file target_24.cif (mmCIF, C-alpha atoms)
data_data
loop_
_atom_site.label_atom_id
_atom_site.label_comp_id
_atom_site.auth_asym_id
_atom_site.auth_seq_id
_atom_site.Cartn_x
_atom_site.Cartn_y
_atom_site.Cartn_z
CA MET P 1 75.79 88.28 68.10
CA ARG P 2 76.95 91.33 66.18
CA PHE P 3 80.36 92.71 66.99
CA MET P 4 80.68 96.48 67.01
CA HIS P 5 83.61 98.86 67.26
CA ARG P 6 84.56 100.42 70.58
CA LYS P 7 84.82 104.18 70.79
CA PRO P 8 88.20 105.69 71.72
CA ASP P 9 89.09 105.08 75.36
CA ARG P 10 88.13 107.85 77.74
CA SER P 11 89.05 108.64 81.30
CA PHE P 12 86.18 107.81 83.65
CA GLU P 13 85.34 109.76 86.73
CA ALA P 14 84.87 107.86 89.97
CA GLY P 15 81.84 105.60 89.72
CA GLU P 16 80.75 106.89 86.31
CA VAL P 17 80.88 105.48 82.82
CA THR P 18 79.95 107.54 79.79
CA ARG P 19 77.65 106.27 77.07
CA VAL P 20 79.62 103.88 74.92
CA THR P 21 79.12 101.77 71.85
CA PRO P 22 78.83 98.15 72.98
CA VAL P 23 81.54 95.74 71.99
CA VAL P 24 78.85 93.04 71.62
CA ALA P 25 75.39 94.35 70.80
CA TYR P 26 72.21 92.57 71.83
CA ASP P 27 70.71 90.54 69.00
CA GLY P 28 67.31 89.20 69.99
CA GLU P 29 65.76 88.87 66.57
CA LEU P 30 63.74 85.65 66.32
CA TYR P 31 62.00 86.39 63.04
CA ARG P 32 63.78 85.10 59.95
CA PRO P 33 62.41 86.47 56.65
CA PRO P 34 62.02 84.20 53.63
CA ASP P 35 64.77 83.89 51.07
CA TRP P 36 63.16 86.24 48.58
CA ALA P 37 65.69 85.64 45.83
CA GLN P 38 65.12 81.88 45.92
CA ARG P 39 61.36 82.33 46.22
CA ARG P 40 61.33 84.57 43.14
CA ARG P 41 63.21 81.94 41.16
CA ASP P 42 60.73 79.31 42.31
CA GLU P 43 57.75 81.47 41.37
CA ARG P 44 59.18 82.15 37.92
CA ASP P 45 59.66 78.41 37.40
CA LEU P 46 56.13 77.79 38.69
CA GLY P 47 54.70 80.37 36.27
CA ARG P 48 56.46 78.74 33.33
CA ALA P 49 55.17 75.33 34.43
CA HIS P 50 51.56 76.59 34.76
CA ALA P 51 51.72 78.19 31.33
CA ALA P 52 53.17 75.07 29.77
CA GLY P 53 50.56 72.87 31.48
CA GLY P 54 47.66 75.02 30.39
CA GLN P 55 46.61 76.06 33.89
CA ILE P 56 46.80 79.72 32.83
CA ASP P 57 46.61 81.35 29.38
CA THR P 58 46.31 84.76 27.74
CA LEU P 59 42.55 84.79 28.15
CA THR P 60 42.88 84.33 31.87
CA LEU P 61 45.32 87.24 31.97
CA GLN P 62 42.81 89.41 30.09
CA THR P 63 40.24 88.87 32.85
CA GLY P 64 42.81 90.05 35.41
CA SER P 65 42.18 87.00 37.55
CA VAL P 66 45.29 85.03 38.50
CA PRO P 67 44.52 82.08 40.81
CA ARG P 68 48.09 82.00 42.10
CA PHE P 69 47.67 85.50 43.53
CA GLN P 70 45.15 84.28 46.08
CA GLU P 71 47.56 81.55 47.20
CA LEU P 72 50.30 84.15 47.57
CA GLU P 73 47.93 86.35 49.57
CA ASP P 74 47.22 83.47 51.93
CA GLU P 75 50.94 82.94 52.33
CA ARG P 76 51.41 86.63 53.02
CA LEU P 77 48.75 86.60 55.77
CA GLU P 78 50.35 83.52 57.28
CA GLU P 79 53.77 85.23 57.19
CA LEU P 80 52.26 88.30 58.90
CA ALA P 81 50.80 86.14 61.66
CA GLY P 82 54.18 84.51 62.17
CA LEU P 83 55.77 87.95 62.25
CA ASP P 84 53.43 89.13 65.02
CA GLU P 85 54.12 86.00 67.05
CA ARG P 86 57.92 86.29 66.68
CA THR P 87 57.83 90.02 67.44
CA GLU P 88 55.97 89.44 70.69
CA GLN P 89 58.41 86.69 71.67
CA GLU P 90 61.32 89.00 70.90
CA LEU P 91 59.91 91.67 73.20
CA GLN P 92 59.33 89.21 76.04
CA VAL P 93 62.85 87.78 75.78
CA ALA P 94 64.38 91.26 75.47
CA ARG P 95 62.53 92.55 78.54
CA ALA P 96 63.67 89.55 80.59
CA GLU P 97 67.26 89.99 79.37
CA PHE P 98 67.11 93.71 80.18
CA GLU P 99 66.02 93.03 83.77
CA ALA P 100 68.81 90.46 84.20
CA GLN P 101 71.31 92.85 82.64
CA LYS P 102 70.30 95.60 85.05
CA ILE P 103 71.22 93.28 87.93
CA ARG P 104 74.58 92.47 86.33
CA LEU P 105 75.14 96.17 85.66
CA ALA P 106 74.47 97.03 89.30
CA GLN P 107 76.94 94.36 90.39
CA SER P 108 79.65 95.55 88.00
CA GLN P 109 79.00 99.16 89.01
CA ARG P 110 79.42 98.26 92.68
CA ALA P 111 82.58 96.28 91.91
CA PHE P 112 83.97 99.19 89.90
CA GLY P 113 83.15 101.64 92.68
CA GLU P 114 84.85 99.47 95.29
CA ALA P 115 87.91 98.95 93.07
CA ARG P 116 88.11 102.68 92.36
CA ALA P 117 87.79 103.54 96.06
CA ALA P 118 90.54 101.07 96.97
CA LEU P 119 92.76 102.48 94.24
CA ASP P 120 92.15 106.07 95.36
CA ASP P 121 92.98 105.10 98.94
CA SER P 122 96.22 103.37 97.94
CA GLN P 123 97.17 106.19 95.58
CA GLY P 124 96.59 108.73 98.35
CA ARG P 125 98.76 106.77 100.77
CA VAL P 126 101.51 106.39 98.15
CA THR P 127 101.37 110.10 97.32
CA GLU P 128 101.56 110.96 101.01
CA LEU P 129 104.52 108.64 101.47
CA GLU P 130 106.40 109.80 98.38
CA GLN P 131 108.31 112.51 100.22
CA PRO P 132 112.04 112.05 100.93
CA SER P 133 113.09 111.51 104.52
CA ARG P 134 114.79 114.50 106.16
CA ARG P 135 115.41 113.03 109.60
CA PRO P 136 115.02 109.63 111.28
CA GLY P 137 111.55 109.06 112.61
CA ASP P 138 109.67 111.33 110.18
CA GLY P 139 107.93 108.34 108.57
CA ARG P 140 109.33 109.06 105.10
CA PRO P 141 111.28 106.73 102.80
CA SER P 142 114.73 107.46 101.49
CA SER P 143 115.25 109.36 98.25
CA ILE P 144 116.79 106.22 96.78
CA ALA P 145 113.58 104.28 97.32
CA LEU P 146 111.62 107.11 95.71
CA SER P 147 113.75 107.17 92.59
CA GLY P 148 113.83 103.40 92.19
CA SER P 149 117.27 103.59 90.57
CA ARG P 150 119.94 101.02 91.42
CA TRP P 151 123.03 103.18 90.86
CA PRO P 152 122.28 105.62 93.73
CA VAL P 153 121.88 102.60 96.00
CA VAL P 154 125.32 101.34 95.01
CA ARG P 155 126.85 104.80 95.24
CA ARG P 156 125.40 105.43 98.69
CA TRP P 157 125.94 102.07 100.38
CA LEU P 158 129.22 101.03 98.74
CA PRO P 159 131.35 103.26 101.02
CA ALA P 160 129.52 101.90 104.06
CA ALA P 161 130.05 98.32 102.89
CA LEU P 162 133.72 99.02 102.23
CA LEU P 163 134.10 100.58 105.68
CA LEU P 164 132.51 97.56 107.34
CA SER P 165 134.76 95.26 105.32
CA LEU P 166 137.81 97.29 106.34
CA LEU P 167 136.82 97.09 109.99
CA VAL P 168 136.44 93.31 109.68
CA ILE P 169 139.86 93.05 108.04
CA VAL P 170 141.43 95.10 110.84
CA GLU P 171 139.63 93.17 113.58
CA VAL P 172 140.65 89.71 112.35
CA PRO P 173 144.42 89.95 113.07
CA ILE P 174 143.77 91.73 116.36
CA LEU P 175 141.40 89.04 117.54
CA TYR P 176 143.77 86.39 116.15
CA GLN P 177 146.41 87.63 118.54
CA VAL P 178 143.91 87.75 121.39
CA ILE P 179 142.72 84.14 121.01
CA LEU P 180 146.01 82.72 119.81
CA SER P 181 146.11 80.20 122.64
CA TRP P 182 142.50 79.00 122.12
CA GLY P 183 142.78 77.25 118.78
CA ASP P 184 144.27 73.83 118.25
CA SER P 185 145.72 74.99 114.94
CA VAL P 186 146.43 78.12 112.96
CA ALA P 187 143.35 77.52 110.80
CA MET P 188 141.13 77.08 113.85
CA THR P 189 142.49 80.23 115.42
CA ALA P 190 141.92 82.15 112.19
CA LEU P 191 138.32 80.90 111.95
CA LEU P 192 137.66 81.88 115.54
CA ALA P 193 139.13 85.31 114.91
CA ALA P 194 137.09 85.82 111.73
CA GLY P 195 133.89 84.73 113.45
CA ALA P 196 134.51 86.99 116.41
CA ALA P 197 135.26 89.95 114.12
CA LEU P 198 132.01 89.40 112.21
CA ILE P 199 130.05 89.18 115.44
CA MET P 200 131.73 92.30 116.80
CA LEU P 201 130.56 94.25 113.71
CA VAL P 202 127.38 92.52 112.54
CA ALA P 203 125.74 92.60 115.95
CA PRO P 204 126.05 96.43 116.32
CA HIS P 205 124.99 96.75 112.68
CA MET P 206 121.81 94.77 113.34
CA TYR P 207 121.27 96.75 116.52
CA GLY P 208 121.40 99.94 114.44
CA ARG P 209 118.76 98.52 112.09
CA ALA P 210 116.51 97.63 115.02
CA PHE P 211 117.05 101.09 116.50
CA ARG P 212 116.03 102.72 113.21
CA SER P 213 112.87 100.61 113.07
CA TRP P 214 112.09 101.76 116.60
CA GLN P 215 112.70 105.36 115.57
CA GLU P 216 110.34 105.09 112.58
CA ASN P 217 107.58 102.98 114.03
CA GLY P 218 107.80 103.91 117.67
CA GLY P 219 107.48 101.29 120.32
CA SER P 220 106.30 100.40 123.75
CA PRO P 221 108.29 101.16 126.91
CA GLN P 222 109.17 97.47 127.03
CA GLY P 223 110.81 97.79 123.61
CA ARG P 224 112.78 100.82 124.74
CA ARG P 225 113.95 99.00 127.83
CA LEU P 226 114.93 96.04 125.68
CA LEU P 227 117.09 98.24 123.47
CA VAL P 228 118.77 99.72 126.54
CA ALA P 229 119.33 96.26 127.99
CA VAL P 230 120.86 94.98 124.73
CA ALA P 231 123.15 98.00 124.59
CA ALA P 232 124.23 97.40 128.21
CA VAL P 233 124.93 93.74 127.51
CA TRP P 234 126.91 94.65 124.43
CA LEU P 235 128.90 97.20 126.43
CA GLY P 236 129.72 94.46 128.90
CA LEU P 237 130.96 92.24 126.05
CA ILE P 238 133.07 95.12 124.76
CA VAL P 239 134.65 95.48 128.19
CA ALA P 240 135.36 91.74 128.24
CA VAL P 241 137.01 91.87 124.80
CA ALA P 242 139.01 94.94 125.89
CA VAL P 243 140.29 93.04 128.94
CA LEU P 244 141.33 90.13 126.70
CA ARG P 245 143.15 92.49 124.40
CA ARG P 246 144.84 94.20 127.30
CA ASP P 247 146.02 90.85 128.60
CA ALA P 248 147.34 90.00 125.16
CA LEU P 249 149.27 93.28 125.13
CA VAL P 250 150.79 92.84 128.56
CA LYS P 251 151.59 89.18 127.97
CA PRO P 252 155.33 88.66 127.36
CA LEU P 253 156.25 87.82 123.76
CA VAL P 254 158.62 84.97 123.00
CA VAL P 255 160.40 85.15 119.62
CA ASP P 256 162.80 82.36 118.62
CA GLY P 257 162.90 81.16 122.22
CA GLU P 258 163.88 84.61 123.51
CA ASN P 259 161.60 86.62 125.79
CA ILE P 260 161.44 90.12 124.32
CA GLY P 261 158.93 91.46 126.81
CA ALA P 262 155.34 92.61 126.51
CA THR P 263 154.08 94.83 123.72
CA SER P 264 152.89 97.45 126.20
CA ASP P 265 156.11 97.71 128.19
CA GLY P 266 156.40 101.15 129.59
CA VAL P 267 152.69 101.93 129.16
CA SER P 268 150.33 102.07 132.12
CA LEU P 269 147.41 99.66 132.18
CA VAL P 270 144.80 102.39 132.62
CA PRO P 271 145.62 104.33 129.40
CA THR P 272 145.85 101.00 127.56
CA MET P 273 142.41 100.01 128.82
CA VAL P 274 140.93 103.40 127.93
CA LEU P 275 142.38 103.22 124.42
CA LEU P 276 141.09 99.70 123.85
CA LEU P 277 137.64 100.58 125.12
CA ALA P 278 137.58 103.71 122.93
CA LEU P 279 138.55 101.70 119.85
CA LEU P 280 135.99 99.00 120.47
CA VAL P 281 133.20 101.43 121.33
CA ALA P 282 134.01 103.54 118.25
CA THR P 283 133.96 100.45 116.03
CA ALA P 284 130.61 99.35 117.47
CA LEU P 285 129.15 102.85 117.12
CA ILE P 286 130.30 103.05 113.48
CA ALA P 287 128.73 99.67 112.67
CA ALA P 288 125.52 100.59 114.53
CA ASP P 289 125.24 103.97 112.83
CA LEU P 290 125.77 102.39 109.42
CA GLY P 291 122.98 99.93 110.17
CA ARG P 292 120.73 102.77 111.30
CA ARG P 293 121.40 104.81 108.18
CA MET P 294 121.17 101.91 105.75
CA HIS P 295 117.90 100.51 107.08
CA ASN P 296 114.77 102.58 106.57
CA PRO P 297 111.64 100.43 107.08
CA ASN P 298 109.63 103.03 105.16
CA ASP P 299 111.45 101.97 101.97
CA ARG P 300 109.89 98.53 102.19
CA ARG P 301 106.55 100.05 103.11
CA LEU P 302 106.73 102.25 100.01
CA ARG P 303 107.55 99.27 97.78
CA GLU P 304 104.66 97.28 99.21
CA LEU P 305 102.25 100.20 98.81
CA ARG P 306 103.35 100.75 95.22
CA ALA P 307 102.89 97.06 94.42
CA LYS P 308 99.46 97.14 96.07
CA ARG P 309 98.51 100.27 94.12
CA ASP P 310 99.63 98.74 90.82
CA ALA P 311 97.63 95.56 91.50
CA GLU P 312 94.57 97.61 92.43
CA ALA P 313 95.03 99.75 89.30
CA ARG P 314 94.89 96.62 87.16
CA ALA P 315 91.85 95.37 89.07
CA CYS P 316 90.19 98.77 88.69
CA ALA P 317 90.86 98.78 84.94
CA GLU P 318 89.31 95.32 84.62
CA ALA P 319 86.30 96.35 86.72
CA GLN P 320 85.94 99.52 84.67
CA GLU P 321 86.05 97.54 81.44
CA ALA P 322 83.41 95.12 82.77
CA TYR P 323 81.23 98.05 83.86
CA GLN P 324 81.66 99.69 80.48
CA ARG P 325 80.84 96.43 78.71
CA ASP P 326 77.71 95.86 80.82
CA THR P 327 76.63 99.47 80.31
CA GLY P 328 76.99 99.18 76.54
CA TYR P 329 75.15 95.87 76.48
CA ALA P 330 72.28 97.28 78.56
CA GLU P 331 72.15 100.26 76.22
CA SER P 332 71.92 97.96 73.20
CA ILE P 333 68.99 96.06 74.79
CA ALA P 334 67.21 99.34 75.52
CA GLN P 335 67.74 100.43 71.91
CA PHE P 336 66.40 97.07 70.72
CA LEU P 337 63.23 97.57 72.78
CA GLN P 338 62.82 101.18 71.66
CA ALA P 339 63.13 100.20 68.00
CA ALA P 340 60.46 97.46 68.21
CA GLU P 341 57.79 99.44 66.32
CA ARG P 342 60.20 100.68 63.67
CA ARG P 343 61.52 97.17 63.23
CA ARG P 344 58.01 95.74 62.83
CA ALA P 345 57.02 98.44 60.33
CA GLY P 346 60.14 97.76 58.32
CA ARG P 347 59.47 94.04 58.31
CA LEU P 348 55.88 94.65 57.16
CA ARG P 349 57.12 96.76 54.26
CA ARG P 350 59.62 94.09 53.31
CA ILE P 351 56.97 91.35 53.46
CA ASP P 352 54.56 93.35 51.26
CA SER P 353 57.34 94.19 48.85
CA GLY P 354 58.57 90.60 48.85
CA PHE P 355 55.20 89.04 48.04
CA ASP P 356 54.61 91.70 45.42
CA SER P 357 57.90 90.68 43.82
CA LEU P 358 56.78 87.04 43.95
CA ALA P 359 53.60 87.88 42.07
CA THR P 360 55.62 89.79 39.51
CA ALA P 361 58.07 86.91 39.16
CA TYR P 362 55.17 84.47 38.67
CA LEU P 363 53.69 86.60 35.90
CA GLY P 364 57.13 86.82 34.30
CA GLY P 365 57.35 83.04 34.29
CA VAL P 366 53.83 82.80 32.77
CA VAL P 367 54.76 85.21 29.98
CA GLU P 368 57.94 83.26 29.29
CA GLY P 369 55.94 80.02 29.16
CA LEU P 370 53.17 81.40 26.90
CA LYS P 371 55.56 83.21 24.55
CA ASP P 372 52.71 85.52 23.52
CA PRO P 373 53.34 89.29 23.14
CA GLU P 374 49.71 89.98 24.03
CA ALA P 375 50.15 88.00 27.27
CA ALA P 376 53.13 90.21 28.14
CA SER P 377 50.97 93.32 27.61
CA TRP P 378 48.21 92.01 29.87
CA ALA P 379 50.71 90.93 32.50
CA GLU P 380 52.18 94.45 32.51
CA ARG P 381 48.73 95.90 33.06
CA ILE P 382 48.08 93.53 35.95
CA VAL P 383 51.36 94.52 37.60
CA HIS P 384 50.58 98.22 37.15
CA HIS P 385 47.07 97.77 38.56
CA ARG P 386 48.38 95.89 41.64
CA ARG P 387 50.95 98.55 42.40
CA THR P 388 48.46 101.38 41.94
CA THR P 389 45.85 99.71 44.09
CA ARG P 390 48.36 98.86 46.85
CA SER P 391 49.80 102.38 46.92
#

call {"tool": "encode", "arguments": {"input": "target_24.cif", "output": "structure tokens"}}
result
Amino acid sequence: MRFMHRKPDRSFEAGEVTRVTPVVAYDGELYRPPDWAQRRRDERDLGRAHAAGGQIDTLTLQTGSVPRFQELEDERLEELAGLDERTEQELQVARAEFEAQKIRLAQSQRAFGEARAALDDSQGRVTELEQPSRRPGDGRPSSIALSGSRWPVVRRWLPAALLLSLLVIVEVPILYQVILSWGDSVAMTALLAAGAALIMLVAPHMYGRAFRSWQENGGSPQGRRLLVAVAAVWLGLIVAVAVLRRDALVKPLVVDGENIGATSDGVSLVPTMVLLLALLVATALIAADLGRRMHNPNDRRLRELRAKRDAEARACAEAQEAYQRDTGYAESIAQFLQAAERRRAGRLRRIDSGFDSLATAYLGGVVEGLKDPEAASWAERIVHHRRTTRS
């Protein structure tokens, strides 16, 4: 197979490939010409041998009759017959290969069209989605997801993370005081307090994330009722924690064996309960709102669509390259078939010229073997007569 250079890459329209130079051109030549250089050397040696053996002399050259010429003519006719046979075989094989290549080309064209359509669809969906969100529920990703930069993510979510951490730090000692009598040891009480603080903040945070997903994707009435039920249950837990805290506040404190009274001495229970509920509800709302703001399901959707588009772009490029390669190969077969007559005419000229050079080489060998100036003169006349007659 002959390797050829590819033309500079071009942008292809949907489903179309321009005419290209094949990377691998079709080579269906079955005819192999003789090694004319070696044959000429052999004929020269044969001429010298015939002259030395007396099979040809100057007198024979004067008559213009060279027996070897008839043998060469027979060889030429035999070579022409072989040429016709090989040329016909080449055409049959090339036509069969062209029909098979047309099937492969149709398959690669269909694959390229499908890959291009999939890529266009994904690109359109990505382009439609690449608009920054302006309000929850608009189906748009965040500007951070659009930019793909990590620093804006850190800059935006670091304050929220710090706020959540601060709330956890504040909640731990408060809950430690509330459940002081539950733990068997200080470490156990601290672990219970830390776990309760995390639950008090992580649960609303996850609720905010779920609420944002519901805002973006919508949901059934059952999902809406579930969110309301979860919020009601959480409100009930907040009330329970507020009651525990209130009891901890009104519980008398004993320091060094001396009863110093409750922390909330002089404060009515109702304002204390309202304050505790307000603090707990505010903490839960802050955690829930942070979860709602930090979680945008469209960000993940955008990442997945971009990854899908990139994979389809690679597949489309491979399909395009295969289509281009099959198109170029089919073009090279068509050119091979179109050039059949020119190729045969060129081979005929080379065969005639080749056997003419063999005859000339034979005469040269005869002249060298005879070593007769007159033989050289007659040989030159024979060569001139052959060329004139052939032309």

call {"tool": "residues_around", "arguments": {"input": "target_24.cif", "residues": "region 59-66 of chain P", "least_positions_apart": "3", "cutoff": "8 Å", "atoms": "all atoms listed in the file", "output": "list in words"}}
result
Ile56, Phe69, Gln70, Ala375, Trp378, Ala379 and Ile382 of chain P

call {"tool": "atom_distance", "arguments": {"input": "target_24.cif", "atom1": "CA of Ile351 (chain P)", "atom2": "CA of Arg386 (chain P)"}}
result
15.3 Å

call {"tool": "closest_residue", "arguments": {"input": "target_24.cif", "among": "P:Ala49, P:Trp36, P:Leu129, P:Asp27", "to": "Arg301 (chain P)", "atoms": "all atoms listed in the file"}}
result
P:Leu129

call {"tool": "atom_distance", "arguments": {"input": "target_24.cif", "atom1": "CA of Met200 (chain P)", "atom2": "CA of Val239 (chain P)"}}
result
12.2 Å

call {"tool": "residues_near_point", "arguments": {"input": "target_24.cif", "point": "(77.8, 95.3, 85.8)", "cutoff": "9 Å", "atoms": "all atoms listed in the file", "output": "PyMOL selection string"}}
result
chain P and resi 101-112+319+322-327

call {"tool": "closest_residue", "arguments": {"input": "target_24.cif", "among": "P:Ala278, P:Val24, P:Ala51, P:Ala96", "to": "Asp372 (chain P)", "atoms": "only C-alpha atoms"}}
result
P:Ala51

call {"tool": "resolve_selection", "arguments": {"input": "target_24.cif", "expression": "the PyMOL selection byres ((chain P and resi 40) around 12)", "output": "PyMOL selection string"}}
result
chain P and resi 34-39+41-47+72+353-365

call {"tool": "atom_distance", "arguments": {"input": "target_24.cif", "atom1": "CA of Pro297 (chain P)", "atom2": "CA of Ala284 (chain P)"}}
result
21.7 Å

call {"tool": "closest_residue", "arguments": {"input": "target_24.cif", "among": "P:His205, P:Arg116, P:Arg68, P:Lys308", "to": "Ala288 (chain P)", "atoms": "all atoms listed in the file"}}
result
P:His205
